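**Student:** Have a look at this one before I ask anything.
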Amino acid sequence: MNRRRFVVGRVFASAVLLVAAASLAPQRAGAQQAQPVRSPAPLVAAASDLQFALDEIVARFERDTGIAPRVTYGSSGNFTRQIEQGAPFELFLSADEAYVDRLAERRLTRDRGTLYAVGRIVLFASHGSPLRPDAEMKHLAARLASGEAGRLAIANPEHAPYGRAAEQALRSLGLWNAVQPKLLLGESVAQAAQFASSGNADGGIFAYSLALAPALRDRGAFVLLPDSLHAPLRQRMVLLQGASPAAERLYDYLRSPAGRAILRQYGFVLPED
Amino acid sequence: MDWTALGLSLRLGLVTVVLLLPLSFLLARWLAFGRFRGRGLVEALVALPLILPPTVVGFYLLVAFGRGSPVGAAFESLFGQPLVFSFEGLVLASLLVNLPFAVQPMQNALAAIPPNVRDAARCCGLSPLQAVRRVELPLALPGIATAAVLTFAHTLGEFGVVLMVGGSIPGETRTISIAIYDRVQAFDEPAAGSMALVLLVTAVIALGITNTLARRAAGRTGP
């Protein structure tokens with residue numbers, strides 16, 4: 001019986017410990033929500049073609065201002081759905097301005113935002129892939145015709161603007177029907193780039209800004225596709241309702257010469273103001 | 001290594017265990033000792049998250065607790081923030097998907113208590129509450145511990161539901177499983193690898209503990 005009591009005591013003690021730990025937890029969660037007031041950490045949703053360019057901009061912004069934005073990368077379509085459902089983002093950098101227009105019409109944004117960049121796409125083949133990238137995708141067409149072609153990674157056109165641009169380019173060249181059974185669809189353009197460069201696919205069509213990033217540049221060969229092959233990827237950013245002053249500063253920084261220089265370095269075409 | 005994500009996952013696991021275990025104990029006791037119509041239905045409902053695809057659970061959570069739903073709207077007007085894409089939303093989702101992991105081990109442990117032991121407790125004049133505290137809790141202890149370990153470990157690993165209702169917000173809803181996914185997409189394999197290792201080791205430890213507990217429980221009630 002003593003042993004039983006001991007065991008019960010131990011259970012009780014550990015239960016008390018757990019409850020104590022849990023009662024701390026909500027306070028810490030609360031402290032985090034209150035954080036934007038003390039040391040601001042604006043929440044940013046960014047199209048994943050910006051993954052490397054924005055990381056660099058944010059690092060420099062943090063050094064200059066002491067503000068450490070919290071950035072989530074994903075596909076613009078998914079972010080739009082999440083923002084409509086109440087996700088607490090403050091600044092949204094979309095890869096397609098139609099999503100910003102849609103949010104603006106639903107009065108979820110401050111205004112109609114700013115065009116910050118125009119994106120381009122590349123055809124990429126990883127080292128060791130038999131595919132040779134060329135601007136007219138002639139080699140890809142030949143491999144499709146001969147039945148040798150392997151997988152081609154693109155972002156999911158349903159909700160990723162770069163996936164739509166890839167689809168348009170393949171359609172412009174009359175390859176869409178032939179390539180369909182070979183397509184590998186990434187959740188976002190970054191995942192498409194990851195599939196394409198991992199050596200598990202012949203190659204892929206994704207953002208120029210990702211192909212230029214150090215992590216990818218050395219993994220394969222790529223060619224910039226003519227922008228006549230697809231509708232322009234007009235990328236618009238917008239402050240959402242409830243954006244903090246810290247988010248406004250990042251928004252301004254992105255439009256400043258320093259921010260624009262980094263975007264240009266990652267292959268974006270910049271709109272003139 | 002994303003320490004914020006690891007901390008968030010540990011906190012989510014702990015909060016889930018603390019909130020879920022007492023509720024599940026009551027449910028498990030009801031299922032183990034209660035004789036009522038529709039018990040099979042309740043057991044099936046409890047087990048549902050085991051076989052339902054996480055995307056289905058996530059979809060229904062979005063529908064039930066999203067901005068357009070009565071529950072979501074009420075939460076938002078009370079607390080000034082939406083329930084989905086918040087830590088509180090993850091806790092709620094986590095409670096639901098972990099129900100079978102918490103209830104089933106405790107239900108089995110309670111059902112394994114010989115009826116004559118419970119009868120003896122009653123004959124000795126123990127009140128129902130005393131019987132729970134001095135007979136049922138100690139005898140069901142391995143089951144309770146297994147429930148806690150499984151719930152905790154499963155919460156660390158949950159991906160699909162968190163992806164659907166979380167939104168990968170750093171420090172709020174970006175759990176370690178989501179952080180691994182994000183790091184892979186960012187070509188950051190070293191970080192993804194070290195975080196995956198943390199989850200692998202956690203899973204091995206959790207299984208080791210539950211197996212030991214199960215053996216100990218079998219040794220005690222066996223012949």
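Identifiers in this document derive from the order of the structure tokens: chains are assigned A, B, ..., residues are numbered from 1 separately in each chain, and ligands are numbered from 1 in order of occurrence.
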Can you pull out the residues contacting B:Ala64? Cut-off 12 Å, using only C-alpha atoms, and skip same-chain residues under 4 positions away; I want them as an MDAnalysis selection string.
**Tutor:** (chainID A and resid 85) or (chainID B and resid 57:60 68:75 83:84 89 92:93 165)
**Student:** Save the residues we just selected, N, CA and C atoms, as a compact mmCIF listing (two decimals), in the first residue's frame?
**Tutor:**
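Result went into part15.txt, see below:
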# COMPACT_ATOMS: atom_id res chain seq x y z
N GLN A 85 -9.27 34.15 -44.74
CA GLN A 85 -9.77 33.42 -43.58
C GLN A 85 -9.26 34.01 -42.27
N VAL B 57 -9.42 16.45 -41.80
CA VAL B 57 -9.59 17.07 -40.49
C VAL B 57 -9.33 18.57 -40.60
N GLY B 58 -8.24 18.95 -41.28
CA GLY B 58 -7.89 20.36 -41.43
C GLY B 58 -8.96 21.14 -42.16
N PHE B 59 -9.50 20.53 -43.22
CA PHE B 59 -10.55 21.19 -43.98
C PHE B 59 -11.77 21.47 -43.11
N TYR B 60 -12.19 20.45 -42.36
CA TYR B 60 -13.38 20.63 -41.51
C TYR B 60 -13.12 21.65 -40.40
N GLY B 68 -15.75 32.59 -41.31
CA GLY B 68 -17.15 32.59 -41.71
C GLY B 68 -18.06 31.80 -40.78
N SER B 69 -17.48 30.98 -39.88
CA SER B 69 -18.30 30.10 -39.04
C SER B 69 -18.73 30.83 -37.77
N PRO B 70 -19.84 30.38 -37.15
CA PRO B 70 -20.28 31.02 -35.89
C PRO B 70 -19.21 30.93 -34.80
N VAL B 71 -18.55 29.76 -34.67
CA VAL B 71 -17.54 29.59 -33.62
C VAL B 71 -16.37 30.54 -33.87
N GLY B 72 -15.91 30.59 -35.13
CA GLY B 72 -14.79 31.45 -35.47
C GLY B 72 -15.11 32.92 -35.25
N ALA B 73 -16.33 33.32 -35.64
CA ALA B 73 -16.74 34.72 -35.49
C ALA B 73 -16.84 35.08 -34.01
N ALA B 74 -17.39 34.15 -33.19
CA ALA B 74 -17.53 34.41 -31.76
C ALA B 74 -16.16 34.56 -31.12
N PHE B 75 -15.23 33.66 -31.48
CA PHE B 75 -13.87 33.72 -30.92
C PHE B 75 -13.22 35.05 -31.27
N LEU B 83 -9.39 32.45 -34.77
CA LEU B 83 -8.97 31.21 -34.13
C LEU B 83 -8.01 30.43 -35.03
N VAL B 84 -8.30 30.39 -36.33
CA VAL B 84 -7.37 29.71 -37.23
C VAL B 84 -6.14 30.59 -37.41
N GLY B 89 -5.66 28.06 -32.02
CA GLY B 89 -6.28 27.21 -33.03
C GLY B 89 -5.54 25.89 -33.16
N LEU B 92 -6.48 23.60 -30.28
CA LEU B 92 -7.79 22.99 -30.50
C LEU B 92 -7.68 21.83 -31.50
N ALA B 93 -6.98 22.07 -32.62
CA ALA B 93 -6.80 21.03 -33.63
C ALA B 93 -6.06 19.84 -33.02
N VAL B 165 -4.41 24.53 -41.06
CA VAL B 165 -4.99 25.57 -40.21
C VAL B 165 -3.94 26.49 -39.59
**Student:** Should the cut-off be 6 Å, what would the residue list for chain B against chain A look like, counting only C-alpha atoms, as a PDB file with N, CA and C atoms, in the first residue's frame?
**Tutor:**
ATOM      1  N   VAL B  15       0.964  21.552 -23.692  1.00  0.00           N
ATOM      2  CA  VAL B  15      -0.389  22.081 -23.467  1.00  0.00           C
ATOM      3  C   VAL B  15      -1.425  21.032 -23.866  1.00  0.00           C
ATOM      4  N   ARG B  67     -13.232  32.085 -40.222  1.00  0.00           N
ATOM      5  CA  ARG B  67     -13.849  33.387 -40.014  1.00  0.00           C
ATOM      6  C   ARG B  67     -15.349  33.375 -40.311  1.00  0.00           C
ATOM      7  N   PRO B  82      -8.459  35.969 -35.024  1.00  0.00           N
ATOM      8  CA  PRO B  82      -9.122  34.751 -35.496  1.00  0.00           C
ATOM      9  C   PRO B  82      -8.556  33.498 -34.833  1.00  0.00           C
ATOM     10  N   PHE B  85      -5.019  29.987 -37.770  1.00  0.00           N
ATOM     11  CA  PHE B  85      -3.736  30.672 -37.917  1.00  0.00           C
ATOM     12  C   PHE B  85      -3.257  31.273 -36.607  1.00  0.00           C
ATOM     13  N   GLN B 185      12.357  23.287 -48.774  1.00  0.00           N
ATOM     14  CA  GLN B 185      12.039  24.131 -49.927  1.00  0.00           C
ATOM     15  C   GLN B 185      13.020  25.269 -50.081  1.00  0.00           C
TER      16      GLN B 185
END
**Student:** Out of stretch 122-260 of chain A, which residues get alpha helix (DSSP H) from DSSP, as a PyMOL selection string?
**Tutor:** chain A and resi 138-146+161-172+176-179+189-197+208-211+214-217+245-255+257-260
**Student:** If we count only C-alpha atoms, what is near stretch 228-236 of chain A at a cut-off of 8 Å, once residues fewer than 2 positions away on the same chain are taken out, given as an NGL selection string?
**Tutor:** :A and (93-97 or 100 or 113-120 or 161-162 or 165-166 or 168-169 or 172-173 or 225-226 or 238)
**Student:** May I have the selected residues written with C-alpha atoms, as a PDB file, in the first residue's frame?
**Tutor:**
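Below you can see part_18.pdb, which holds the result:
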ATOM      1  CA  LEU A  93       4.161  40.315 -51.429  1.00  0.00           C
ATOM      2  CA  SER A  94       2.236  38.538 -54.160  1.00  0.00           C
ATOM      3  CA  ALA A  95       3.721  37.112 -57.341  1.00  0.00           C
ATOM      4  CA  ASP A  96       0.548  38.073 -59.187  1.00  0.00           C
ATOM      5  CA  GLU A  97      -1.257  41.375 -58.794  1.00  0.00           C
ATOM      6  CA  VAL A 100      -3.837  41.776 -54.383  1.00  0.00           C
ATOM      7  CA  GLY A 113      -0.572  48.399 -53.144  1.00  0.00           C
ATOM      8  CA  THR A 114       2.527  48.889 -55.278  1.00  0.00           C
ATOM      9  CA  LEU A 115       3.930  47.054 -58.282  1.00  0.00           C
ATOM     10  CA  TYR A 116       7.397  46.124 -56.939  1.00  0.00           C
ATOM     11  CA  ALA A 117       8.811  43.793 -59.593  1.00  0.00           C
ATOM     12  CA  VAL A 118       8.123  41.920 -62.796  1.00  0.00           C
ATOM     13  CA  GLY A 119       9.227  38.294 -62.702  1.00  0.00           C
ATOM     14  CA  ARG A 120      10.869  36.161 -65.369  1.00  0.00           C
ATOM     15  CA  PRO A 161       1.501  32.408 -60.532  1.00  0.00           C
ATOM     16  CA  TYR A 162       4.880  31.018 -61.658  1.00  0.00           C
ATOM     17  CA  ALA A 165       3.522  31.333 -66.410  1.00  0.00           C
ATOM     18  CA  ALA A 166       5.246  27.968 -66.969  1.00  0.00           C
ATOM     19  CA  GLN A 168       1.547  29.533 -70.660  1.00  0.00           C
ATOM     20  CA  ALA A 169       5.112  29.191 -71.964  1.00  0.00           C
ATOM     21  CA  SER A 172       2.879  29.010 -76.478  1.00  0.00           C
ATOM     22  CA  LEU A 173       5.378  26.479 -77.783  1.00  0.00           C
ATOM     23  CA  LEU A 225      12.854  32.145 -71.341  1.00  0.00           C
ATOM     24  CA  PRO A 226      11.616  35.033 -73.547  1.00  0.00           C
ATOM     25  CA  VAL A 238       0.228  45.529 -50.261  1.00  0.00           C
TER      26      VAL A 238
END
